[in-house]
$ cat run.txt   # compact mmCIF, C-alpha atoms and all ligand atoms
# COMPACT_ATOMS: atom_id res chain seq x y z
CA MET A 1 -24.48 13.97 -9.42
CA PHE A 2 -22.26 13.68 -6.32
CA ASP A 3 -20.48 16.62 -4.71
CA VAL A 4 -17.34 14.56 -4.22
CA ALA A 5 -16.14 11.37 -5.93
CA ILE A 6 -13.32 9.71 -4.00
CA ILE A 7 -11.21 7.16 -5.85
CA GLY A 8 -9.78 4.66 -3.37
CA ALA A 9 -10.79 3.59 0.13
CA GLY A 10 -7.50 3.51 1.99
CA PRO A 11 -6.94 5.76 5.02
CA ALA A 12 -6.78 8.85 2.77
CA GLY A 13 -10.00 8.10 0.88
CA MET A 14 -11.93 7.02 3.97
CA SER A 15 -10.84 10.08 5.98
CA ALA A 16 -11.83 12.29 3.05
CA ALA A 17 -15.25 10.60 2.99
CA ILE A 18 -15.74 11.09 6.73
CA TYR A 19 -14.81 14.79 6.54
CA ALA A 20 -16.86 15.42 3.39
CA ARG A 21 -19.96 13.77 4.83
CA ARG A 22 -19.60 15.71 8.07
CA ALA A 23 -19.48 18.86 5.93
CA GLY A 24 -22.82 17.85 4.43
CA LEU A 25 -21.51 16.89 0.99
CA SER A 26 -22.81 13.94 -1.02
CA VAL A 27 -20.00 11.42 -1.40
CA ALA A 28 -19.27 8.40 -3.58
CA VAL A 29 -16.23 6.27 -2.74
CA PHE A 30 -14.93 3.95 -5.46
CA GLU A 31 -12.94 0.90 -4.37
CA GLY A 32 -12.14 -2.09 -6.59
CA GLU A 33 -10.69 -4.21 -3.77
CA MET A 34 -11.22 -4.29 0.00
CA CYS A 35 -11.43 -1.07 2.01
CA GLY A 36 -8.09 -0.32 3.66
CA GLY A 37 -5.54 -0.30 0.83
CA GLN A 38 -1.96 -0.98 1.99
CA MET A 39 -3.19 -0.55 5.58
CA ILE A 40 -5.15 -3.81 5.46
CA LEU A 41 -1.93 -5.66 4.56
CA THR A 42 -0.13 -4.33 7.65
CA PRO A 43 0.10 -6.87 10.47
CA ASP A 44 0.67 -4.48 13.38
CA VAL A 45 0.00 -0.76 13.48
CA GLU A 46 1.81 0.72 16.47
CA ASN A 47 2.22 4.36 15.45
CA TYR A 48 -1.36 5.53 14.93
CA PRO A 49 -2.26 7.73 17.92
CA GLY A 50 -4.93 6.31 20.17
CA PHE A 51 -3.93 2.69 19.61
CA THR A 52 -0.88 1.17 21.30
CA HIS A 53 -1.44 -1.74 18.99
CA ILE A 54 -4.08 -2.50 16.37
CA SER A 55 -3.98 -4.68 13.28
CA GLY A 56 -4.25 -2.99 9.89
CA ALA A 57 -7.36 -5.07 9.19
CA GLU A 58 -9.10 -3.88 12.38
CA LEU A 59 -8.26 -0.25 11.71
CA SER A 60 -9.47 -0.59 8.10
CA PHE A 61 -12.73 -2.15 9.25
CA SER A 62 -13.38 0.51 11.84
CA MET A 63 -12.65 3.36 9.38
CA SER A 64 -14.93 1.83 6.74
CA GLU A 65 -17.75 1.35 9.27
CA GLN A 66 -17.43 5.00 10.33
CA MET A 67 -17.42 6.17 6.71
CA LYS A 68 -20.49 4.08 5.84
CA SER A 69 -22.39 5.05 8.99
CA LEU A 70 -22.02 8.71 7.99
CA GLY A 71 -23.73 7.98 4.67
CA ALA A 72 -20.88 7.84 2.15
CA LYS A 73 -21.89 5.65 -0.78
CA LEU A 74 -19.34 2.88 -1.33
CA ILE A 75 -19.23 1.78 -4.96
CA GLU A 76 -17.27 -1.48 -5.14
CA SER A 77 -15.96 -1.10 -8.68
CA ARG A 78 -12.58 -0.47 -10.22
CA VAL A 79 -12.31 2.94 -11.85
CA GLN A 80 -11.35 2.56 -15.51
CA ALA A 81 -11.22 6.20 -16.62
CA VAL A 82 -12.07 9.73 -15.56
CA LYS A 83 -13.37 12.30 -17.99
CA ALA A 84 -13.29 16.02 -17.38
CA ASN A 85 -16.16 17.97 -18.86
CA GLU A 86 -18.25 20.54 -17.09
CA HIS A 87 -18.01 18.14 -14.14
CA TYR A 88 -16.11 14.87 -13.73
CA THR A 89 -17.29 11.52 -15.02
CA VAL A 90 -15.93 8.47 -13.22
CA CYS A 91 -16.19 5.44 -15.52
CA THR A 92 -16.35 1.97 -13.95
CA SER A 93 -17.37 -1.51 -15.11
CA ASP A 94 -20.67 -0.85 -13.29
CA GLY A 95 -21.43 2.36 -15.13
CA ASP A 96 -20.52 6.03 -15.17
CA PHE A 97 -20.96 8.41 -12.25
CA GLU A 98 -20.95 12.22 -12.27
CA SER A 99 -19.33 14.38 -9.64
CA LYS A 100 -18.57 18.06 -9.11
CA THR A 101 -15.15 17.38 -7.56
CA LEU A 102 -12.69 14.53 -7.47
CA ILE A 103 -10.38 13.29 -4.73
CA ILE A 104 -7.80 10.82 -6.01
CA ALA A 105 -6.74 8.57 -3.15
CA ASN A 106 -5.87 5.37 -4.98
CA GLY A 107 -2.64 4.74 -3.04
CA ALA A 108 0.20 2.73 -4.49
CA LYS A 109 0.94 -0.93 -5.15
CA ARG A 110 3.81 -3.18 -4.05
CA LYS A 111 6.80 -3.12 -6.40
CA ARG A 112 7.92 -6.30 -8.20
CA LEU A 113 11.48 -7.64 -7.98
CA GLY A 114 11.63 -8.30 -11.70
CA ILE A 115 13.74 -11.49 -11.41
CA ALA A 116 13.28 -14.84 -13.15
CA GLY A 117 10.67 -17.04 -11.50
CA GLU A 118 8.86 -14.18 -9.75
CA GLU A 119 5.89 -14.06 -12.08
CA LYS A 120 5.79 -17.85 -12.60
CA PHE A 121 5.54 -18.52 -8.84
CA SER A 122 3.35 -15.55 -7.98
CA GLY A 123 0.57 -16.99 -5.79
CA ARG A 124 2.54 -20.25 -5.53
CA GLY A 125 5.08 -19.15 -2.96
CA VAL A 126 5.82 -15.63 -4.16
CA SER A 127 3.72 -13.18 -2.17
CA TYR A 128 3.38 -9.43 -1.68
CA CYS A 129 1.29 -9.75 1.48
CA ALA A 130 2.60 -11.47 4.60
CA VAL A 131 -0.66 -10.95 6.49
CA CYS A 132 -2.72 -12.54 3.72
CA ASP A 133 -0.44 -15.50 2.94
CA GLY A 134 1.79 -16.05 5.98
CA MET A 135 -0.34 -18.81 7.51
CA PHE A 136 0.13 -20.99 4.40
CA PHE A 137 3.77 -21.31 5.48
CA LYS A 138 3.27 -22.12 9.15
CA GLY A 139 6.30 -24.00 10.52
CA LYS A 140 8.26 -23.57 7.27
CA THR A 141 11.26 -21.53 6.15
CA VAL A 142 10.51 -18.33 4.24
CA CYS A 143 12.41 -15.38 2.79
CA VAL A 144 11.51 -11.68 3.01
CA VAL A 145 13.17 -9.27 0.59
CA GLY A 146 13.58 -5.57 1.45
CA GLY A 147 14.97 -3.27 4.11
CA GLY A 148 12.16 -0.79 4.74
CA ASN A 149 9.41 -0.70 7.37
CA THR A 150 7.22 -3.11 5.42
CA ALA A 151 9.92 -5.78 5.02
CA LEU A 152 10.89 -5.65 8.68
CA GLU A 153 7.27 -5.69 9.87
CA ASP A 154 6.62 -8.64 7.59
CA ALA A 155 9.73 -10.45 8.90
CA VAL A 156 8.64 -9.98 12.53
CA TYR A 157 5.10 -11.14 11.72
CA LEU A 158 6.32 -14.20 9.82
CA ALA A 159 8.82 -15.07 12.57
CA GLY A 160 5.83 -15.67 14.83
CA ILE A 161 4.38 -18.24 12.40
CA CYS A 162 7.29 -19.76 10.51
CA GLU A 163 10.21 -21.85 11.70
CA LYS A 164 12.81 -19.60 10.10
CA VAL A 165 12.82 -16.29 8.25
CA TYR A 166 15.65 -15.06 6.05
CA LEU A 167 15.58 -11.28 5.69
CA ILE A 168 17.46 -10.32 2.54
CA HIS A 169 18.53 -6.71 2.12
CA ARG A 170 20.65 -5.20 -0.62
CA ARG A 171 22.60 -2.86 1.69
CA ASP A 172 24.32 -3.25 5.06
CA GLU A 173 21.95 -0.83 6.77
CA PHE A 174 18.16 -0.83 7.05
CA ARG A 175 16.01 2.16 6.18
CA ALA A 176 13.29 0.89 8.55
CA LYS A 177 12.80 2.72 11.84
CA GLY A 178 15.03 1.82 14.80
CA MET A 179 12.45 0.05 16.97
CA LEU A 180 11.64 -2.35 14.16
CA VAL A 181 15.31 -3.03 13.49
CA GLU A 182 15.75 -3.89 17.17
CA LYS A 183 12.78 -6.28 17.06
CA VAL A 184 14.20 -8.03 14.00
CA LYS A 185 17.65 -8.36 15.55
CA ALA A 186 16.14 -9.73 18.75
CA ALA A 187 14.15 -12.46 16.96
CA GLU A 188 16.04 -15.77 17.24
CA ASN A 189 14.56 -17.24 14.08
CA ILE A 190 15.31 -14.29 11.75
CA GLU A 191 18.61 -14.51 9.89
CA ILE A 192 19.61 -11.28 8.18
CA LEU A 193 21.52 -11.46 4.91
CA TYR A 194 23.01 -7.99 4.34
CA SER A 195 24.33 -6.72 1.01
CA ALA A 196 22.61 -9.57 -0.79
CA VAL A 197 20.32 -9.48 -3.80
CA PRO A 198 17.93 -12.18 -4.98
CA THR A 199 18.61 -13.19 -8.59
CA GLU A 200 16.22 -16.09 -9.36
CA ILE A 201 13.38 -18.09 -7.82
CA PHE A 202 13.25 -21.86 -8.42
CA GLY A 203 10.62 -24.53 -7.83
CA ASP A 204 8.33 -27.10 -9.39
CA SER A 205 4.66 -26.46 -8.78
CA ARG A 206 5.65 -24.22 -5.85
CA VAL A 207 8.68 -22.23 -4.70
CA LYS A 208 11.58 -24.42 -3.52
CA SER A 209 14.55 -22.08 -3.40
CA LEU A 210 15.80 -18.55 -3.88
CA ARG A 211 19.17 -17.76 -5.45
CA VAL A 212 20.94 -14.91 -3.69
CA LYS A 213 24.08 -13.09 -4.73
CA ASP A 214 26.49 -11.30 -2.41
CA ALA A 215 30.18 -10.36 -2.41
CA SER A 216 31.18 -14.01 -1.93
CA GLY A 217 29.17 -15.23 -4.92
CA GLU A 218 25.81 -16.94 -5.41
CA ARG A 219 24.02 -19.49 -3.25
CA ASP A 220 20.61 -21.12 -3.21
CA ILE A 221 18.50 -20.85 -0.05
CA GLU A 222 15.88 -23.55 0.43
CA THR A 223 12.61 -21.75 1.10
CA SER A 224 8.89 -22.32 0.77
CA ALA A 225 8.06 -18.70 0.08
CA VAL A 226 9.49 -15.38 -1.02
CA PHE A 227 7.75 -12.32 0.44
CA VAL A 228 8.59 -9.25 -1.61
CA ALA A 229 8.50 -5.93 0.30
CA ILE A 230 10.72 -3.61 -1.70
CA GLY A 231 8.57 -0.51 -1.82
CA LEU A 232 5.62 0.93 -3.63
CA VAL A 233 4.81 2.10 -7.13
CA PRO A 234 1.99 4.46 -8.04
CA GLU A 235 -0.65 3.35 -10.53
CA ASN A 236 -1.76 6.63 -12.05
CA GLY A 237 -1.83 5.84 -15.75
CA ILE A 238 -5.55 6.62 -16.01
CA PHE A 239 -4.95 10.13 -14.66
CA GLU A 240 -2.34 11.11 -17.24
CA GLY A 241 -3.77 14.04 -19.16
CA LEU A 242 -6.15 14.89 -16.33
CA VAL A 243 -3.49 16.07 -13.84
CA SER A 244 0.29 16.51 -13.85
CA LEU A 245 2.40 13.60 -12.62
CA ALA A 246 5.97 13.45 -11.29
CA ASP A 247 7.68 10.03 -11.42
CA GLY A 248 4.23 8.50 -11.68
CA TYR A 249 2.96 10.22 -8.51
CA ILE A 250 0.29 12.93 -8.76
CA LEU A 251 1.93 16.31 -8.41
CA ALA A 252 0.26 17.94 -5.40
CA SER A 253 1.38 19.96 -2.42
CA ASP A 254 0.34 19.56 1.20
CA ASP A 255 -2.96 21.34 0.48
CA THR A 256 -3.71 18.38 -1.88
CA HIS A 257 -4.41 20.69 -4.85
CA THR A 258 -3.40 19.17 -8.20
CA SER A 259 -2.72 20.91 -11.51
CA ARG A 260 -6.47 20.86 -12.23
CA GLU A 261 -9.09 22.86 -10.34
CA GLY A 262 -11.57 20.71 -8.50
CA VAL A 263 -9.27 17.66 -8.46
CA PHE A 264 -7.39 16.85 -5.25
CA ALA A 265 -4.86 14.10 -4.49
CA ALA A 266 -4.51 12.53 -1.04
CA GLY A 267 -2.25 9.88 0.50
CA ASP A 268 0.43 7.68 -1.07
CA THR A 269 -0.64 8.55 -4.62
CA ARG A 270 0.70 12.11 -4.42
CA THR A 271 4.19 13.58 -4.25
CA LYS A 272 5.08 13.73 -0.54
CA SER A 273 7.91 12.96 1.82
CA LEU A 274 6.25 10.81 4.48
CA ARG A 275 3.96 7.93 3.53
CA GLN A 276 2.20 6.76 6.69
CA ILE A 277 -1.37 5.94 7.71
CA ILE A 278 -1.57 9.15 9.70
CA THR A 279 -0.28 11.37 6.86
CA ALA A 280 -2.70 9.69 4.46
CA ALA A 281 -5.56 10.34 6.90
CA ALA A 282 -4.44 13.96 7.29
CA ASP A 283 -4.40 14.36 3.50
CA GLY A 284 -7.93 12.98 3.30
CA ALA A 285 -9.19 15.55 5.81
CA THR A 286 -7.40 18.36 3.93
CA ALA A 287 -8.68 17.22 0.52
CA ALA A 288 -12.30 17.07 1.73
CA THR A 289 -12.00 20.53 3.28
CA GLU A 290 -10.45 21.94 0.08
CA ALA A 291 -13.18 20.30 -2.02
CA GLU A 292 -15.83 21.90 0.18
CA LYS A 293 -14.16 25.33 -0.20
CA TYR A 294 -14.03 24.85 -3.97
CA LEU A 295 -17.72 23.90 -4.12
CA HIS A 296 -18.80 26.83 -1.99
CA GLY A 297 -16.72 29.36 -3.92
P1 LIG A 301 10.53 1.60 1.22
O1 LIG A 301 10.56 2.36 2.50
O2 LIG A 301 10.65 2.33 -0.06
O3 LIG A 301 11.69 0.52 1.29
C1 LIG A 301 11.94 -0.34 0.23
C2 LIG A 301 13.11 -1.25 0.59
O4 LIG A 301 13.30 -2.20 -0.45
C3 LIG A 301 14.41 -0.49 0.76
O5 LIG A 301 15.15 -1.03 1.84
C4 LIG A 301 15.12 -0.73 -0.56
O6 LIG A 301 16.51 -0.78 -0.44
C5 LIG A 301 14.62 -2.10 -0.96
N1 LIG A 301 14.56 -2.27 -2.41
C6 LIG A 301 14.00 -1.44 -3.33
N2 LIG A 301 14.09 -1.94 -4.57
C7 LIG A 301 14.74 -3.13 -4.42
C8 LIG A 301 15.12 -4.14 -5.34
N3 LIG A 301 14.87 -4.04 -6.64
N4 LIG A 301 15.78 -5.22 -4.87
C9 LIG A 301 16.04 -5.35 -3.53
N5 LIG A 301 15.69 -4.43 -2.62
C10 LIG A 301 15.04 -3.34 -3.06
O7 LIG A 301 9.21 0.71 1.07
P2 LIG A 301 8.21 0.07 2.16
O8 LIG A 301 8.97 -0.56 3.27
O9 LIG A 301 7.23 -0.76 1.40
O10 LIG A 301 7.43 1.32 2.72
C11 LIG A 301 6.69 2.16 1.85
C12 LIG A 301 6.24 3.40 2.60
O11 LIG A 301 5.30 3.05 3.61
C13 LIG A 301 7.41 4.07 3.32
O12 LIG A 301 7.22 5.44 3.29
C14 LIG A 301 7.30 3.53 4.72
O13 LIG A 301 7.87 4.35 5.70
C15 LIG A 301 5.80 3.40 4.89
N6 LIG A 301 5.47 2.37 5.88
C16 LIG A 301 5.38 2.75 7.17
C17 LIG A 301 5.12 1.80 8.14
C18 LIG A 301 5.04 2.22 9.57
O14 LIG A 301 5.25 3.36 9.88
N7 LIG A 301 4.75 1.31 10.50
C19 LIG A 301 4.94 0.46 7.81
C20 LIG A 301 5.05 0.11 6.46
C21 LIG A 301 5.33 1.07 5.50
P3 LIG A 301 17.38 0.54 -0.10
O15 LIG A 301 17.16 0.80 1.36
O16 LIG A 301 18.76 0.13 -0.45
O17 LIG A 301 16.83 1.61 -1.00
$ encode --input "run.txt" --output "structure tokens" --more "lines below"
Ligand code: NAP
Amino acid sequence: MFDVAIIGAGPAGMSAAIYARRAGLSVAVFEGEMCGGQMILTPDVENYPGFTHISGAELSFSMSEQMKSLGAKLIESRVQAVKANEHYTVCTSDGDFESKTLIIANGAKRKRLGIAGEEKFSGRGVSYCAVCDGMFFKGKTVCVVGGGNTALEDAVYLAGICEKVYLIHRRDEFRAKGMLVEKVKAAENIEILYSAVPTEIFGDSRVKSLRVKDASGERDIETSAVFVAIGLVPENGIFEGLVSLADGYILASDDTHTSREGVFAAGDTRTKSLRQIITAAADGATAATEAEKYLHG
């Protein structure tokens, strides 16, 4: 029986583990992929205090090392279900684990475009991770879709590897922060297509072109890859019935309390206004502290 079971090892889950271990609680962290979550997919982190610049992968590695060195048990399994009885049972493909409290920190996943060709060419030119796949397209032309921080960061990263980057955004104004917009506009090999939406991806065994529609009609852009960065979607289906959800996110306030006692939600998975590494880390610290208070009455 663990004091705290943490589902997800992104910045929220790992911070929760660090705080819970430092409070003397026994901690299990469940992660079905690599530690880091969305953070590990981020090429350059430039807004986490203490680091003028660090890659998402480096920051993920250093957080996971800190968490493990403090004695949190990392269980590298995907959580399939959670049962609430007297305590909580976390069910994974590697068995069931009991815990007195639960911190849900499973983050969110990249949204799909939902256009023809996207699924067919997924992994064959369609990518949701510029850091993971960018090098496959060294010296080539690629497209990035989206107008948020992720899309613009991806475009800047890819511009350093690829010959040309088309950045395709559905409006005439970016929602990404100003410094990133300036970087994108300053890059000579990024061409911005405003008020344009992708409608279909074509290819043979790999992506060859992307059809884009704007006010003047449709045109096909020759491209080797389409990087999709159009936002996040929560994946909280397994928690329906356990806690209340709102638009798929776990309903929780800044104190991370959910609709069920003893269950806390931290980071991108919960209802919140600012989804950043630092706010996820802050949530993790809060959730661990609230779990400790709950355990100690
Ligand atoms: P986001 O901020 O939600 O932006 C999504 C972008 O994709 C928006 O520009 C949106 O257009 C566009 N979009 C959405 N659906 C679309 C569709 N079906 N077709 C075409 N375009 C579509 O998502 P994100 O950039 O992935 O960021 C997610 C969260 O992480 C945000 O809170 C963000 O601030 C944070 N983040 C922060 C950093 C950082 O601080 N360095 C880095 C990465 C991410 P509209 O603008 O028209 O809605």
$ residues_near_ligand --input "run.txt" --ligand "ligand LIG 301 (chain A)" --cutoff "7 Å" --atoms "all atoms listed in the file" --output "ChimeraX atom specification"
/A:42,45-47,110,113,145-151,153,169-171,174-176,197,229-232,274-276
$ closest_residue --input "run.txt" --among "A:Ser253, A:Ser195, A:Arg219, A:Ala291" --to "Val27 in chain A" --atoms "all atoms listed in the file"
A:Ala291
$ closest_atom_pairs --input "run.txt" --of "range 83-195 of chain A" --to "range 261-266 of chain A" --cutoff "6 Å" --atoms "only C-alpha atoms" --output "JSON lines"
{"residue": "A:Thr101", "atom": "CA", "partner": "A:Gly262", "partner_atom": "CA", "distance": 5.0}
{"residue": "A:Leu102", "atom": "CA", "partner": "A:Val263", "partner_atom": "CA", "distance": 4.7}
{"residue": "A:Ile103", "atom": "CA", "partner": "A:Phe264", "partner_atom": "CA", "distance": 4.7}
{"residue": "A:Ile104", "atom": "CA", "partner": "A:Ala265", "partner_atom": "CA", "distance": 4.7}
{"residue": "A:Ala105", "atom": "CA", "partner": "A:Ala266", "partner_atom": "CA", "distance": 5.0}
$ closest_residue --input "run.txt" --among "A:Gly95, A:Gly217, A:Gly178, A:Gly71" --to "Ala23 in chain A" --atoms "only C-alpha atoms"
A:Gly71
$ residues_around --input "run.txt" --residues "Leu74 in chain A" --least-positions-apart "6" --cutoff "8 Å" --atoms "only C-alpha atoms" --output "count of residues only"
5
$ atom_distance --input "run.txt" --atom1 "CA of Asp220 in chain A" --atom2 "CA of Leu180 in chain A"
27.1 Å
$ decode --input "run.txt" --residues "range 174-185 of chain A" --atoms "all heavy atoms" --output "mmCIF file, in the first residue's frame"
data_model
loop_
_atom_site.group_PDB
_atom_site.id
_atom_site.type_symbol
_atom_site.label_atom_id
_atom_site.label_comp_id
_atom_site.auth_asym_id
_atom_site.auth_seq_id
_atom_site.Cartn_x
_atom_site.Cartn_y
_atom_site.Cartn_z
ATOM 1 N N PHE A 174 -1.438 35.341 -34.557
ATOM 2 C CA PHE A 174 -1.025 34.183 -33.754
ATOM 3 C C PHE A 174 -1.470 34.335 -32.306
ATOM 4 O O PHE A 174 -1.505 35.441 -31.783
ATOM 5 C CB PHE A 174 0.497 34.035 -33.770
ATOM 6 C CG PHE A 174 1.035 33.612 -35.102
ATOM 7 C CD1 PHE A 174 1.855 34.450 -35.840
ATOM 8 C CD2 PHE A 174 0.714 32.375 -35.627
ATOM 9 C CE1 PHE A 174 2.363 34.058 -37.069
ATOM 10 C CE2 PHE A 174 1.211 31.973 -36.851
ATOM 11 C CZ PHE A 174 2.033 32.814 -37.578
ATOM 12 N N ARG A 175 -1.733 33.184 -31.649
ATOM 13 C CA ARG A 175 -1.988 33.252 -30.216
ATOM 14 C C ARG A 175 -0.701 33.004 -29.418
ATOM 15 O O ARG A 175 -0.683 33.152 -28.209
ATOM 16 C CB ARG A 175 -3.100 32.287 -29.808
ATOM 17 C CG ARG A 175 -2.759 30.821 -29.820
ATOM 18 C CD ARG A 175 -3.837 29.999 -29.158
ATOM 19 N NE ARG A 175 -5.134 30.192 -29.772
ATOM 20 C CZ ARG A 175 -6.277 30.307 -29.082
ATOM 21 N NH1 ARG A 175 -6.263 30.233 -27.776
ATOM 22 N NH2 ARG A 175 -7.410 30.447 -29.708
ATOM 23 N N ALA A 176 0.375 32.656 -30.114
ATOM 24 C CA ALA A 176 1.667 32.421 -29.436
ATOM 25 C C ALA A 176 2.196 33.735 -28.863
ATOM 26 O O ALA A 176 1.818 34.815 -29.297
ATOM 27 C CB ALA A 176 2.670 31.852 -30.423
ATOM 28 N N LYS A 177 3.092 33.616 -27.895
ATOM 29 C CA LYS A 177 3.608 34.830 -27.247
ATOM 30 C C LYS A 177 4.517 35.624 -28.202
ATOM 31 O O LYS A 177 5.129 35.062 -29.111
ATOM 32 C CB LYS A 177 4.290 34.487 -25.935
ATOM 33 C CG LYS A 177 5.423 33.525 -26.038
ATOM 34 C CD LYS A 177 5.965 33.203 -24.656
ATOM 35 C CE LYS A 177 7.185 32.335 -24.735
ATOM 36 N NZ LYS A 177 6.920 30.924 -24.807
ATOM 37 N N GLY A 178 4.565 36.947 -27.945
ATOM 38 C CA GLY A 178 5.221 37.889 -28.849
ATOM 39 C C GLY A 178 6.654 37.558 -29.238
ATOM 40 O O GLY A 178 7.024 37.668 -30.408
ATOM 41 N N MET A 179 7.472 37.113 -28.269
ATOM 42 C CA MET A 179 8.875 36.849 -28.591
ATOM 43 C C MET A 179 9.019 35.742 -29.626
ATOM 44 O O MET A 179 9.892 35.768 -30.476
ATOM 45 C CB MET A 179 9.636 36.463 -27.312
ATOM 46 C CG MET A 179 10.210 37.673 -26.595
ATOM 47 S SD MET A 179 10.979 37.217 -25.034
ATOM 48 C CE MET A 179 12.470 36.439 -25.626
ATOM 49 N N LEU A 180 8.117 34.756 -29.515
ATOM 50 C CA LEU A 180 8.156 33.648 -30.477
ATOM 51 C C LEU A 180 7.723 34.118 -31.864
ATOM 52 O O LEU A 180 8.310 33.724 -32.877
ATOM 53 C CB LEU A 180 7.195 32.539 -30.015
ATOM 54 C CG LEU A 180 7.778 31.357 -29.291
ATOM 55 C CD1 LEU A 180 6.667 30.438 -28.814
ATOM 56 C CD2 LEU A 180 8.748 30.595 -30.185
ATOM 57 N N VAL A 181 6.694 34.963 -31.879
ATOM 58 C CA VAL A 181 6.209 35.490 -33.161
ATOM 59 C C VAL A 181 7.337 36.258 -33.852
ATOM 60 O O VAL A 181 7.574 36.099 -35.050
ATOM 61 C CB VAL A 181 4.956 36.384 -32.944
ATOM 62 C CG1 VAL A 181 4.501 36.998 -34.252
ATOM 63 C CG2 VAL A 181 3.826 35.579 -32.305
ATOM 64 N N GLU A 182 8.075 37.043 -33.056
ATOM 65 C CA GLU A 182 9.195 37.803 -33.636
ATOM 66 C C GLU A 182 10.250 36.873 -34.217
ATOM 67 O O GLU A 182 10.777 37.101 -35.287
ATOM 68 C CB GLU A 182 9.852 38.665 -32.549
ATOM 69 C CG GLU A 182 9.101 39.961 -32.288
ATOM 70 C CD GLU A 182 9.551 40.631 -31.001
ATOM 71 O OE1 GLU A 182 10.735 40.465 -30.618
ATOM 72 O OE2 GLU A 182 8.708 41.285 -30.364
ATOM 73 N N LYS A 183 10.549 35.784 -33.480
ATOM 74 C CA LYS A 183 11.556 34.825 -33.965
ATOM 75 C C LYS A 183 11.122 34.212 -35.293
ATOM 76 O O LYS A 183 11.916 34.050 -36.210
ATOM 77 C CB LYS A 183 11.710 33.682 -32.943
ATOM 78 C CG LYS A 183 12.799 33.895 -31.932
ATOM 79 C CD LYS A 183 13.070 32.584 -31.217
ATOM 80 C CE LYS A 183 13.894 32.785 -29.989
ATOM 81 N NZ LYS A 183 14.036 31.575 -29.195
ATOM 82 N N VAL A 184 9.831 33.850 -35.361
ATOM 83 C CA VAL A 184 9.312 33.222 -36.581
ATOM 84 C C VAL A 184 9.396 34.202 -37.744
ATOM 85 O O VAL A 184 9.843 33.855 -38.842
ATOM 86 C CB VAL A 184 7.848 32.764 -36.348
ATOM 87 C CG1 VAL A 184 7.109 32.555 -37.644
ATOM 88 C CG2 VAL A 184 7.827 31.476 -35.528
ATOM 89 N N LYS A 185 9.009 35.451 -37.489
ATOM 90 C CA LYS A 185 9.010 36.443 -38.569
ATOM 91 C C LYS A 185 10.433 36.767 -39.035
ATOM 92 O O LYS A 185 10.644 37.135 -40.180
ATOM 93 C CB LYS A 185 8.277 37.704 -38.110
ATOM 94 C CG LYS A 185 6.768 37.475 -38.030
ATOM 95 C CD LYS A 185 6.014 38.733 -37.689
ATOM 96 C CE LYS A 185 4.516 38.470 -37.719
ATOM 97 N NZ LYS A 185 3.733 39.542 -37.097
#
